[in-house]
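Data block for model_5.cif (mmCIF, C-alpha atoms):
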data_my_file
loop_
_atom_site.label_atom_id
_atom_site.label_comp_id
_atom_site.auth_asym_id
_atom_site.auth_seq_id
_atom_site.Cartn_x
_atom_site.Cartn_y
_atom_site.Cartn_z
CA MET A 306 -3.40 21.97 23.50
CA ILE A 307 -1.73 20.50 20.44
CA ASP A 308 -2.79 16.91 19.83
CA ALA A 309 -0.45 14.01 19.26
CA VAL A 310 -0.95 14.03 15.50
CA GLN A 311 0.11 17.65 15.18
CA ARG A 312 3.08 17.15 17.46
CA ALA A 313 4.13 14.07 15.53
CA GLN A 314 3.79 16.02 12.29
CA GLY A 315 6.28 18.42 13.78
CA GLY A 316 8.77 15.59 14.22
CA ASP A 317 7.99 14.68 17.83
CA GLN A 318 8.75 10.96 18.12
CA ALA A 319 7.26 10.73 21.60
CA ALA A 320 3.97 11.97 20.18
CA PHE A 321 4.19 9.40 17.44
CA GLU A 322 4.72 6.71 20.07
CA GLU A 323 1.45 7.86 21.66
CA LEU A 324 -0.24 7.34 18.32
CA TYR A 325 1.37 3.93 18.04
CA ARG A 326 0.11 2.90 21.50
CA ASP A 327 -3.39 4.09 20.69
CA HIS A 328 -3.67 2.38 17.33
CA VAL A 329 -1.35 -0.64 17.23
CA GLY A 330 -4.09 -3.07 18.26
CA ARG A 331 -6.32 -2.14 15.37
CA VAL A 332 -3.45 -2.13 12.87
CA TYR A 333 -2.09 -5.44 14.10
CA ALA A 334 -5.55 -7.04 14.01
CA LEU A 335 -5.91 -6.05 10.38
CA CYS A 336 -2.43 -7.32 9.47
CA LEU A 337 -2.94 -10.57 11.36
CA ARG A 338 -6.30 -11.31 9.78
CA MET A 339 -5.11 -10.34 6.32
CA THR A 340 -2.03 -12.55 6.50
CA GLY A 341 -3.03 -15.31 8.91
CA ASP A 342 0.57 -15.27 10.12
CA ARG A 343 1.66 -13.70 13.40
CA GLY A 344 5.28 -13.06 12.39
CA ARG A 345 4.36 -11.46 9.09
CA ALA A 346 1.66 -9.44 10.78
CA GLU A 347 4.22 -8.01 13.19
CA GLU A 348 6.52 -7.06 10.32
CA LEU A 349 3.71 -5.46 8.38
CA ALA A 350 2.43 -3.57 11.41
CA GLN A 351 5.90 -2.10 11.83
CA ASP A 352 5.93 -1.13 8.17
CA VAL A 353 2.55 0.52 8.54
CA PHE A 354 3.76 2.76 11.34
CA LEU A 355 7.02 3.54 9.59
CA ARG A 356 5.11 4.52 6.52
CA ALA A 357 2.71 6.57 8.59
CA TRP A 358 5.68 8.40 10.08
CA THR A 359 7.02 9.31 6.65
CA LYS A 360 3.61 10.25 5.28
CA LEU A 361 2.38 12.12 8.30
CA SER A 362 2.88 15.45 6.57
CA THR A 363 0.27 14.43 4.01
CA PHE A 364 -2.40 13.87 6.66
CA ARG A 365 -4.56 16.98 6.59
CA GLY A 366 -7.26 16.00 9.03
CA ASP A 367 -10.00 15.60 6.42
CA ALA A 368 -10.80 12.25 8.03
CA ALA A 369 -10.04 10.86 11.47
CA PHE A 370 -6.44 9.84 11.97
CA SER A 371 -7.60 6.29 12.71
CA THR A 372 -9.36 6.15 9.34
CA TRP A 373 -6.31 7.49 7.53
CA LEU A 374 -4.04 5.01 9.30
CA HIS A 375 -6.39 2.14 8.60
CA ARG A 376 -6.48 2.87 4.87
CA LEU A 377 -2.72 3.12 4.92
CA ALA A 378 -2.49 -0.26 6.64
CA VAL A 379 -4.70 -1.90 4.03
CA ASN A 380 -2.53 -0.42 1.28
CA VAL A 381 0.68 -1.64 2.93
CA VAL A 382 -0.65 -5.18 3.29
CA LEU A 383 -1.93 -5.26 -0.28
CA ALA A 384 1.33 -3.81 -1.59
CA HIS A 385 3.15 -6.56 0.24
CA ARG A 386 0.92 -9.09 -1.45
CA ARG A 387 1.40 -7.52 -4.85
CA SER A 388 5.15 -7.64 -4.40
CA ARG A 389 4.76 -11.38 -4.44
CA GLY A 390 3.75 -10.87 -8.06
CA LYS A 391 2.40 -13.79 -9.98
CA ARG A 392 1.47 -15.67 -6.86
CA TRP A 393 -0.91 -12.87 -5.94
CA ALA A 394 -2.37 -12.81 -9.43
CA ARG A 395 -2.98 -16.53 -9.27
CA LEU A 396 -4.60 -16.31 -5.88
CA MET A 397 -6.91 -13.50 -6.88
CA GLY A 398 -7.49 -14.64 -10.44
CA THR A 399 -10.50 -16.39 -11.81
CA ASP A 400 -8.53 -19.58 -12.49
CA ASP A 401 -8.60 -20.25 -8.82
CA LEU A 402 -12.38 -20.25 -8.84
CA GLU A 403 -12.48 -23.72 -10.31
CA LEU A 404 -11.45 -24.82 -6.88
CA TYR A 405 -14.22 -22.68 -5.46
CA GLU A 406 -16.80 -24.43 -7.58
CA GLY A 407 -15.62 -27.80 -6.31
CA VAL A 408 -15.74 -26.64 -2.74
CA ALA A 409 -19.16 -25.14 -3.28
CA ALA A 410 -20.54 -28.42 -4.55
CA LYS A 411 -19.29 -30.23 -1.49
CA ALA A 412 -20.40 -27.53 0.89
CA GLY A 413 -23.97 -27.86 -0.27
CA LEU A 414 -24.10 -31.20 1.49
CA ALA A 415 -22.71 -29.95 4.75
CA GLU A 416 -24.74 -29.30 7.86
CA PRO A 417 -25.00 -25.60 8.58
CA ALA A 418 -22.82 -24.28 11.34
CA LYS A 419 -24.13 -21.62 13.67
CA PRO A 420 -21.18 -19.64 14.99
CA THR A 421 -21.77 -17.96 18.31
CA PRO A 422 -19.73 -15.40 20.23
CA GLY A 423 -18.39 -18.30 22.26
CA ALA A 424 -16.94 -19.73 19.08
CA ARG A 425 -14.92 -16.58 18.39
CA ARG A 426 -11.58 -18.29 18.64
CA ASP A 427 -12.66 -21.03 16.26
CA LEU A 428 -13.82 -18.42 13.81
CA GLU A 429 -10.52 -16.51 14.01
CA GLU A 430 -8.61 -19.73 13.43
CA ALA A 431 -10.84 -20.70 10.53
CA ILE A 432 -10.34 -17.30 8.92
CA ALA A 433 -6.58 -17.70 9.31
CA THR A 434 -6.62 -20.97 7.40
CA LEU A 435 -8.46 -19.54 4.38
CA PRO A 436 -6.49 -19.24 1.13
CA ASP A 437 -4.89 -15.80 0.74
CA GLY A 438 -7.26 -14.41 -1.86
CA ALA A 439 -10.41 -15.57 -0.11
CA ARG A 440 -9.15 -14.43 3.29
CA THR A 441 -8.22 -10.98 2.00
CA VAL A 442 -11.65 -10.38 0.51
CA PHE A 443 -13.45 -11.85 3.52
CA VAL A 444 -11.55 -9.65 5.98
CA LEU A 445 -11.97 -6.50 3.91
CA TYR A 446 -15.67 -7.09 3.26
CA GLU A 447 -16.95 -8.69 6.46
CA ILE A 448 -14.67 -7.20 9.07
CA GLU A 449 -13.40 -3.94 7.60
CA GLY A 450 -16.58 -2.97 5.83
CA TYR A 451 -15.23 -2.45 2.33
CA ARG A 452 -17.61 -2.70 -0.64
CA HIS A 453 -16.85 -5.05 -3.51
CA ASP A 454 -15.99 -2.19 -5.84
CA GLU A 455 -13.53 -0.83 -3.29
CA ILE A 456 -11.94 -4.25 -2.87
CA ALA A 457 -11.73 -4.70 -6.62
CA GLU A 458 -9.99 -1.35 -6.97
CA ALA A 459 -7.60 -2.02 -4.10
CA THR A 460 -6.65 -5.50 -5.28
CA GLY A 461 -6.66 -4.76 -9.00
CA THR A 462 -9.31 -7.35 -9.76
CA ALA A 463 -12.89 -7.36 -11.01
CA VAL A 464 -15.93 -6.89 -8.80
CA GLY A 465 -17.08 -10.36 -9.80
CA THR A 466 -13.81 -11.83 -8.58
CA SER A 467 -14.23 -10.11 -5.25
CA LYS A 468 -17.72 -11.50 -4.86
CA ALA A 469 -16.67 -14.98 -5.89
CA GLN A 470 -13.78 -14.94 -3.41
CA LEU A 471 -16.15 -13.85 -0.65
CA HIS A 472 -18.58 -16.64 -1.45
CA ARG A 473 -15.71 -19.08 -1.57
CA ALA A 474 -14.46 -17.91 1.82
CA ARG A 475 -17.91 -18.41 3.33
CA LYS A 476 -18.17 -21.90 1.89
CA LEU A 477 -14.78 -22.84 3.28
CA LEU A 478 -15.64 -21.37 6.67
CA ARG A 479 -18.85 -23.35 6.73
CA GLU A 480 -16.88 -26.52 6.18
CA ALA A 481 -14.25 -25.58 8.73
CA LEU A 482 -16.73 -24.59 11.42
CA ASN A 483 -18.75 -27.73 10.90
CA GLY A 484 -15.59 -29.66 11.75
CA MET B 1008 -34.66 -16.32 -12.37
CA SER B 1009 -34.61 -20.11 -12.49
CA GLU B 1010 -36.38 -22.23 -9.93
CA ARG B 1011 -33.10 -23.29 -8.36
CA ILE B 1012 -31.42 -20.75 -6.11
CA SER B 1013 -27.72 -20.36 -6.70
CA ASP B 1014 -25.18 -19.80 -3.96
CA GLU B 1015 -24.46 -16.40 -5.48
CA GLN B 1016 -28.10 -15.40 -5.13
CA LEU B 1017 -28.20 -16.52 -1.53
CA ASN B 1018 -25.01 -14.63 -0.71
CA ASP B 1019 -26.27 -11.51 -2.44
CA TYR B 1020 -29.58 -11.86 -0.61
CA VAL B 1021 -27.87 -11.99 2.77
CA ASP B 1022 -25.61 -9.08 1.78
CA GLY B 1023 -28.59 -6.98 0.72
CA LEU B 1024 -27.31 -6.67 -2.83
CA LEU B 1025 -30.53 -7.78 -4.56
CA SER B 1026 -33.30 -5.55 -5.76
CA GLU B 1027 -36.62 -5.71 -3.97
CA ALA B 1028 -38.08 -7.94 -6.68
CA GLU B 1029 -35.07 -10.25 -6.73
CA ALA B 1030 -35.13 -10.56 -2.94
CA ALA B 1031 -38.82 -11.42 -2.99
CA GLU B 1032 -38.20 -14.12 -5.58
CA VAL B 1033 -35.41 -15.64 -3.47
CA GLU B 1034 -37.71 -15.66 -0.45
CA ARG B 1035 -40.43 -17.40 -2.46
CA LEU B 1036 -38.02 -20.10 -3.59
CA MET B 1037 -36.53 -20.47 -0.13
CA ALA B 1038 -39.95 -21.37 1.22
CA SER B 1039 -39.71 -24.71 -0.55
CA SER B 1040 -35.99 -25.37 -0.01
CA SER B 1041 -34.74 -26.34 3.42
CA GLU B 1042 -31.17 -26.41 2.08
CA ALA B 1043 -31.43 -22.81 0.95
CA ARG B 1044 -32.89 -21.76 4.30
CA GLU B 1045 -30.09 -23.49 6.15
CA THR B 1046 -27.53 -21.76 3.97
CA VAL B 1047 -29.09 -18.39 4.67
CA ASP B 1048 -29.22 -19.16 8.37
CA PHE B 1049 -25.54 -20.01 8.30
CA LEU B 1050 -24.57 -16.91 6.35
CA ARG B 1051 -26.50 -14.68 8.74
CA SER B 1052 -25.00 -16.31 11.80
CA LEU B 1053 -21.54 -16.06 10.26
CA ARG B 1054 -22.04 -12.37 9.61
CA ALA B 1055 -23.21 -11.85 13.17
CA ALA B 1056 -20.27 -13.76 14.60
CA THR B 1057 -17.83 -11.88 12.40
CA ALA B 1058 -19.27 -8.55 13.46
CA ASP B 1059 -18.68 -9.62 17.04
CA LEU B 1060 -14.95 -10.17 16.53
CA PRO B 1061 -12.77 -7.67 18.39
CA ALA B 1062 -11.62 -4.71 16.33
CA SER B 1063 -8.32 -4.67 18.15
CA ILE B 1064 -5.76 -7.39 18.88
CA GLU B 1065 -2.60 -6.51 20.74
CA PRO B 1066 0.59 -8.04 19.34
CA GLN B 1067 2.29 -10.47 21.69
CA ARG B 1068 5.37 -8.26 21.89
CA ASP B 1069 5.93 -4.55 21.86
CA LEU B 1070 6.76 -3.50 18.30
CA TRP B 1071 7.70 0.05 19.22
CA PRO B 1072 11.44 -0.47 19.92
CA GLN B 1073 11.99 -1.81 16.42
CA ILE B 1074 9.85 0.89 14.87
CA GLU B 1075 11.68 3.58 16.78
CA GLY B 1076 15.01 2.13 15.74
CA ARG B 1077 14.05 2.43 12.10
CA MET B 1078 12.53 5.88 12.37
CA ALA B 1079 15.64 7.98 12.85
CA PRO B 1080 16.66 8.39 9.24
CA ALA B 1081 14.04 9.24 6.72
CA PRO B 1082 13.09 5.82 5.35
CA LEU B 1083 14.32 5.06 1.88
CA ALA B 1084 16.29 8.25 1.68
CA VAL B 1085 19.26 7.81 -0.53
CA VAL B 1086 22.28 8.81 1.44
CA ASP B 1087 23.66 12.12 0.42
CA GLU B 1088 27.32 11.41 0.86
CA GLU B 1089 28.28 15.06 1.09
CA ALA B 1090 25.68 15.76 3.72
CA ALA B 1091 26.80 12.72 5.67
CA VAL B 1092 30.41 13.81 5.91
CA ALA B 1093 29.81 17.54 6.03
CA PRO B 1094 26.65 18.47 7.90
CA ARG B 1095 25.31 21.90 7.26
CA GLY B 1096 27.04 24.41 9.41
CA PRO B 1097 25.86 27.79 10.53
CA ALA B 1098 24.22 29.96 7.96
CA VAL B 1099 27.14 31.52 6.20
CA SER B 1100 27.06 32.98 2.78
CA TRP B 1101 28.71 30.16 0.93
CA TRP B 1102 26.73 30.70 -2.25
CA PRO B 1103 29.13 33.23 -3.76
CA ARG B 1104 31.92 30.83 -2.93
CA LEU B 1105 30.58 28.02 -5.11
CA ASN B 1106 33.45 26.87 -7.22
CA THR B 1107 33.33 25.83 -10.81
CA HIS B 1108 32.95 22.17 -9.94
CA GLN B 1109 30.00 22.84 -7.65
CA TRP B 1110 28.26 24.95 -10.25
CA ALA B 1111 28.90 22.24 -12.79
CA THR B 1112 27.37 19.62 -10.51
CA LEU B 1113 24.29 21.70 -9.97
CA ALA B 1114 23.80 22.47 -13.60
CA THR B 1115 24.61 18.98 -14.79
CA ALA B 1116 22.13 17.40 -12.46
CA ALA B 1117 19.48 19.82 -13.54
CA LEU B 1118 20.16 19.26 -17.18
CA LEU B 1119 21.08 15.65 -17.52
CA LEU B 1120 19.56 13.32 -15.02
CA VAL B 1121 16.34 12.13 -16.48
CA VAL B 1122 15.52 8.54 -17.17
CA SER B 1123 14.04 8.38 -20.58
CA SER B 1124 16.41 6.28 -22.57
CA SER B 1125 15.32 4.20 -25.49
CA ALA B 1126 17.34 1.34 -24.06
CA ILE B 1127 15.17 1.19 -20.98
CA THR B 1128 12.02 1.51 -23.03
CA ALA B 1129 13.08 -1.32 -25.29
CA TRP B 1130 13.93 -3.50 -22.34
CA MET B 1131 10.65 -2.73 -20.65
CA VAL B 1132 8.55 -3.73 -23.62
CA GLY B 1133 10.14 -7.12 -23.73
CA THR B 1134 13.03 -7.12 -26.13
CA ASP B 1135 15.97 -9.41 -25.57
CA ALA B 1136 18.10 -6.48 -24.60
CA PRO B 1137 19.76 -6.75 -21.21
CA PRO B 1138 18.59 -4.64 -18.29
CA PRO B 1139 19.59 -1.03 -18.59
CA ALA B 1140 23.13 -0.22 -17.76
CA ALA B 1141 24.26 2.87 -15.96
CA ALA B 1142 24.54 4.94 -19.07
CA ALA B 1143 21.04 4.03 -20.11
CA LEU B 1144 19.54 5.56 -17.02
CA THR B 1145 20.72 9.03 -17.89
CA GLU B 1146 19.95 10.97 -20.94
CA ALA B 1147 20.19 14.62 -21.61
CA VAL B 1148 16.97 16.52 -21.87
CA PRO B 1149 16.49 20.24 -21.76
CA ILE B 1150 14.92 21.95 -18.82
CA GLU B 1151 11.31 22.48 -19.67
CA ALA B 1152 9.64 25.78 -19.21
CA VAL B 1153 7.27 25.26 -16.32
CA SER B 1154 4.70 27.40 -14.66
CA LEU B 1155 5.30 27.26 -10.94
CA ASP B 1156 2.79 27.88 -8.23
CA GLU B 1157 4.94 30.17 -6.15
CA THR B 1158 2.60 29.94 -3.20
CA VAL B 1159 3.49 26.28 -2.67
CA PRO B 1160 6.96 25.34 -1.42
CA VAL B 1161 8.78 23.33 -4.03
CA GLU B 1162 9.26 20.34 -1.73
CA ALA B 1163 5.55 20.20 -0.96
CA ARG B 1164 4.67 19.84 -4.63
CA TYR B 1165 6.53 16.56 -4.90
CA ALA B 1166 6.91 15.18 -1.37
CA ALA B 1167 3.98 12.80 -1.24
CA GLU B 1168 4.47 11.27 -4.67
CA ILE B 1169 8.22 10.92 -4.25
CA GLU B 1170 7.73 9.28 -0.87
CA ASP B 1171 5.23 6.79 -2.30
CA LEU B 1172 7.51 5.88 -5.17
CA MET B 1173 10.56 5.56 -2.95
CA TRP B 1174 8.67 3.27 -0.64
CA SER B 1175 7.56 1.12 -3.54
CA LEU B 1176 11.10 1.01 -4.86
CA TYR B 1177 12.40 0.04 -1.45
CA GLU B 1178 9.86 -2.74 -1.06
CA ASN B 1179 10.55 -4.18 -4.49
CA ARG B 1180 14.23 -3.52 -4.97
CA ASP B 1181 15.03 -7.24 -4.76
CA SER B 1182 13.25 -7.75 -8.05
CA LEU B 1183 15.59 -5.36 -9.83
CA ASP B 1184 18.88 -6.21 -11.42
CA PRO B 1185 21.65 -5.15 -8.97
CA GLN B 1186 23.30 -3.06 -11.66
CA THR B 1187 20.05 -1.20 -12.22
CA VAL B 1188 19.70 -0.61 -8.48
CA SER B 1189 23.24 0.72 -8.36
CA THR B 1190 22.58 3.03 -11.28
CA ILE B 1191 19.40 4.36 -9.74
CA GLU B 1192 21.14 4.99 -6.45
CA THR B 1193 24.05 6.73 -8.14
CA ASN B 1194 21.73 9.02 -10.06
CA MET B 1195 19.65 9.65 -6.97
CA ARG B 1196 22.71 10.76 -5.05
CA VAL B 1197 23.59 13.27 -7.72
CA ILE B 1198 20.04 14.59 -7.91
CA ASP B 1199 19.75 14.82 -4.13
CA ARG B 1200 23.04 16.67 -3.97
CA ALA B 1201 21.79 19.13 -6.56
CA ILE B 1202 18.51 19.53 -4.68
CA ARG B 1203 20.35 20.23 -1.46
CA ARG B 1204 22.58 22.83 -3.04
CA ALA B 1205 19.74 24.55 -4.81
CA ARG B 1206 17.73 24.59 -1.59
CA GLU B 1207 20.61 26.08 0.36
CA ALA B 1208 21.18 28.65 -2.33
CA LEU B 1209 17.52 29.59 -2.21
CA GLU B 1210 17.72 30.12 1.52
CA GLU B 1211 20.40 32.69 0.81
CA ASP B 1212 18.52 34.27 -2.06
CA PRO B 1213 14.79 33.44 -1.66
CA ALA B 1214 13.68 35.80 -4.41
CA ASN B 1215 15.85 34.21 -7.06
CA ALA B 1216 13.35 32.77 -9.55
CA GLY B 1217 16.05 30.96 -11.47
CA LEU B 1218 17.12 29.02 -8.42
CA SER B 1219 13.53 28.21 -7.59
CA ARG B 1220 13.00 26.89 -11.08
CA MET B 1221 16.19 24.86 -10.87
CA LEU B 1222 15.11 23.32 -7.58
CA ASP B 1223 11.74 22.46 -9.07
CA THR B 1224 13.40 20.90 -12.08
CA ASN B 1225 15.65 18.78 -9.88
CA TYR B 1226 12.64 17.51 -7.99
CA ARG B 1227 10.89 16.66 -11.24
CA HIS B 1228 13.95 14.74 -12.35
CA LYS B 1229 13.93 12.81 -9.11
CA LEU B 1230 10.25 12.04 -9.61
CA GLN B 1231 10.86 10.89 -13.17
CA LEU B 1232 13.72 8.66 -12.09
CA LEU B 1233 11.54 7.01 -9.48
CA GLN B 1234 8.60 6.65 -11.84
CA ARG B 1235 10.76 4.93 -14.40
CA ALA B 1236 12.36 2.67 -11.80
CA ASN B 1237 8.95 1.61 -10.58
CA ARG B 1238 7.78 0.94 -14.10
CA ILE B 1239 10.78 -1.32 -14.57
CA ILE B 1240 9.75 -3.19 -11.44
CA GLU B 1241 6.20 -3.57 -12.71
CA MET B 1242 7.43 -4.97 -15.99
CA SER B 1243 9.92 -7.35 -14.44
#
This structure in structure tokens:
Amino acid sequence: MIDAVQRAQGGDQAAFEELYRDHVGRVYALCLRMTGDRGRAEELAQDVFLRAWTKLSTFRGDAAFSTWLHRLAVNVVLAHRRSRGKRWARLMGTDDLELYEGVAAKAGLAEPAKPTPGARRDLEEAIATLPDGARTVFVLYEIEGYRHDEIAEATGTAVGTSKAQLHRARKLLREALNG
Amino acid sequence: MSERISDEQLNDYVDGLLSEAEAAEVERLMASSSEARETVDFLRSLRAATADLPASIEPQRDLWPQIEGRMAPAPLAVVDEEAAVAPRGPAVSWWPRLNTHQWATLATAALLLVVSSSAITAWMVGTDAPPPAAAALTEAVPIEAVSLDETVPVEARYAAEIEDLMWSLYENRDSLDPQTVSTIETNMRVIDRAIRRAREALEEDPANAGLSRMLDTNYRHKLQLLQRANRIIEMS
């Protein structure tokens, strides 16, 4: 039996729809968390699948299709960010870390929050309100399991910037979850 | 390591990024700092809560109809006007019937359409020159002697990279001068037409090494055009 990936590679759109149904939740979750915006996440998720359709011939089965698609989704979201040019550079750049230092100083006085599974919605909402650069690194590192060197390579920044953005995101989440 | 524990150290400790000795030192200092312990408690609980988030979230509406509607044509493909008005018919031997104009188109595309003008280069490195005009996007270069891997179909050698570059161009076309976009599209149409003709000719005469080389050259020209267009975007 030929699987959906092989049939889709042969141009079978119905097979590609099967792949869409199987994977849209994971792709949309990534896009939503990376952007913090439902409308933009929907647009990007569509772009991910359209790009997957055009690149399907390059998928050789070395990794699982879900892994391949997930990497593609990350690249599409980051490319979208990069297309916003200088704004992206500012968000990811070290200049922005002055703000981080200020937040860090304040956060040191805050009571620690202890998120629980019951606070999942609060956590999702808090992640969505993070600044773009911090949210991107937090999602890639904490949720998607990327290493700092992989994030640095994907975002075109330094490893130190990735770490600083992660620490900043955690500080901001601590403040947000403490209410 | 100083006696005060930095936030970076605490984060690295929780992330397991410290050496054994560094981790032991952080633990020693934490023993006398309730603030540091609370921070570590928070970071650990945050990590646990994050790990518990669902991997999948369904969008509130079905995205498939819009995806399907955009799938029909190859995305980003520059319209080949000839193909659009005259779809390929049954396999007839049209190759010997190529007229002078068709041969000229094929050869001209193979010989001329490469984007390597000094005008573009000057513009890209920040001179006051205006964006490249149509003429600046084409410059004659000779066909290079290339060693082809005959075991790989010509299209397969370039497909992935061309697709990536076309997607990037599509996503960022708004940042390009409209005249530059128009020039790129015009050149792309000519190259795609030449590719299509060379491909059809090869189907009629698969052993013709000259045609194979010409097809390969046309693809390389398309790749070069896209590479240059994307470099212009990066510099803009």
message: Tell me which residues come within 9 Å of (-3.1, -0.6, 17.7), as a PyMOL selection string, counting all atoms listed in the file in the file's coordinates.
response: (chain A and resi 324-334+350) or (chain B and resi 1063-1066)
statement: One decimal place gives the CA of Met1221 (chain B)-CA of Leu1233 (chain B) separation as 18.5 Å
Near chain A, meaning an atom within 7 Å, which residues of chain B appear when counting only C-alpha atoms? Write them as a PDB file with C-alpha atoms, in the frame of the given file.
ATOM      1  CA  ASN B1018     -25.010 -14.630  -0.710  1.00  0.00           C
ATOM      2  CA  GLU B1045     -30.090 -23.490   6.150  1.00  0.00           C
ATOM      3  CA  THR B1046     -27.530 -21.760   3.970  1.00  0.00           C
ATOM      4  CA  PHE B1049     -25.540 -20.010   8.300  1.00  0.00           C
ATOM      5  CA  SER B1052     -25.000 -16.310  11.800  1.00  0.00           C
ATOM      6  CA  LEU B1053     -21.540 -16.060  10.260  1.00  0.00           C
ATOM      7  CA  ALA B1056     -20.270 -13.760  14.600  1.00  0.00           C
ATOM      8  CA  THR B1057     -17.830 -11.880  12.400  1.00  0.00           C
ATOM      9  CA  ALA B1058     -19.270  -8.550  13.460  1.00  0.00           C
ATOM     10  CA  ASP B1059     -18.680  -9.620  17.040  1.00  0.00           C
ATOM     11  CA  LEU B1060     -14.950 -10.170  16.530  1.00  0.00           C
ATOM     12  CA  ALA B1062     -11.620  -4.710  16.330  1.00  0.00           C
ATOM     13  CA  SER B1063      -8.320  -4.670  18.150  1.00  0.00           C
ATOM     14  CA  ILE B1064      -5.760  -7.390  18.880  1.00  0.00           C
ATOM     15  CA  GLU B1065      -2.600  -6.510  20.740  1.00  0.00           C
ATOM     16  CA  PRO B1066       0.590  -8.040  19.340  1.00  0.00           C
ATOM     17  CA  LEU B1070       6.760  -3.500  18.300  1.00  0.00           C
ATOM     18  CA  ILE B1074       9.850   0.890  14.870  1.00  0.00           C
ATOM     19  CA  MET B1078      12.530   5.880  12.370  1.00  0.00           C
ATOM     20  CA  ALA B1167       3.980  12.800  -1.240  1.00  0.00           C
ATOM     21  CA  ASN B1179      10.550  -4.180  -4.490  1.00  0.00           C
TER      22      ASN B1179
END
query: How would you write, as a list in words, the residues chosen by the PyMOL selection byres ((chain B and resi 1198) around 8) on this structure?
result: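 This file gives the following for the PyMOL selection byres ((chain B and resi 1198) around 8): Ala1116, Ala1117, Leu1120, Asn1194, Met1195, Arg1196, Val1197, Asp1199, Arg1200, Ala1201, Ile1202, Asn1225, Tyr1226, His1228 and Lys1229 of chain B.
Between CA of Glu455 (chain A) and CA of Ser467 (chain A) the interatomic distance comes to 9.5 Å.
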- prompt: CA of Asp1069 (chain B) and CA of Gly315 (chain A), how far apart in Å?
  reply: 24.4 Å
Run the PyMOL selection byres ((chain B and resi 1222) around 9) on the file and write out the hits as a compact mmCIF listing (two decimals) with C-alpha atoms, in the frame of the given file.
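Generated file (result.txt):
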# COMPACT_ATOMS: atom_id res chain seq x y z
CA ALA B 1117 19.48 19.82 -13.54
CA VAL B 1161 8.78 23.33 -4.03
CA GLU B 1162 9.26 20.34 -1.73
CA ALA B 1201 21.79 19.13 -6.56
CA ILE B 1202 18.51 19.53 -4.68
CA ARG B 1203 20.35 20.23 -1.46
CA ARG B 1204 22.58 22.83 -3.04
CA ALA B 1205 19.74 24.55 -4.81
CA ARG B 1206 17.73 24.59 -1.59
CA LEU B 1209 17.52 29.59 -2.21
CA GLY B 1217 16.05 30.96 -11.47
CA LEU B 1218 17.12 29.02 -8.42
CA SER B 1219 13.53 28.21 -7.59
CA ARG B 1220 13.00 26.89 -11.08
CA MET B 1221 16.19 24.86 -10.87
CA ASP B 1223 11.74 22.46 -9.07
CA THR B 1224 13.40 20.90 -12.08
CA ASN B 1225 15.65 18.78 -9.88
CA TYR B 1226 12.64 17.51 -7.99
CA ARG B 1227 10.89 16.66 -11.24
query: From the set B:Ala1216, B:Ser1026, B:Gln1234, B:Glu1211, which residue has the shortest atom-to-atom contact distance to Leu1176 (chain B), counting all atoms listed in the file?
result: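 Answer, going by the shortest atom-to-atom distance: B:Gln1234.
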message: Please determine, counting all atoms listed in the file, which residue among B:Leu1017, B:Arg1238, B:Arg1077, B:Ala1214 has the shortest atom-to-atom distance to Asp1048 (chain B).
response: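 For Asp1048 (chain B), the nearest of the given residues is B:Leu1017.
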Test item: residues at most 6 Å from Ala309 (chain A), only C-alpha atoms, excluding those fewer than 3 positions along its chain, as number ranges by chain: A: 312-313, 320
query: When distances are computed from all atoms listed in the file, which of B:Arg1068, B:Thr1187, B:Leu1050, B:Arg1235 shows the smallest separation from Asp1019 (chain B)?
result: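 Ranked by minimum distance to Asp1019 (chain B), first place goes to B:Leu1050.
Using only C-alpha atoms for every distance, the candidate list B:Leu1036, B:Gly1023, B:Ala1028, B:Glu1170 yields B:Leu1036 as the residue closest to Arg1011 (chain B).
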Can you sort out the box for region 425-436 of chain A, edges along x, y and z, all listed atoms in, 3 Å on every side, with centre and edge lengths in Å to one decimal, as lines of an AutoDock Vina configuration file?
center_x = -10.7
center_y = -18.8
center_z = 9.9
size_x = 14.4
size_y = 10.5
size_z = 23.5
- request: Starting from the displayed file, determine the output of the PyMOL selection byres ((chain B and resi 1237) around 10) and express the residue list as a ChimeraX atom specification.
  value: /B:1172-1173,1175-1177,1179-1180,1183,1231-1236,1238-1243
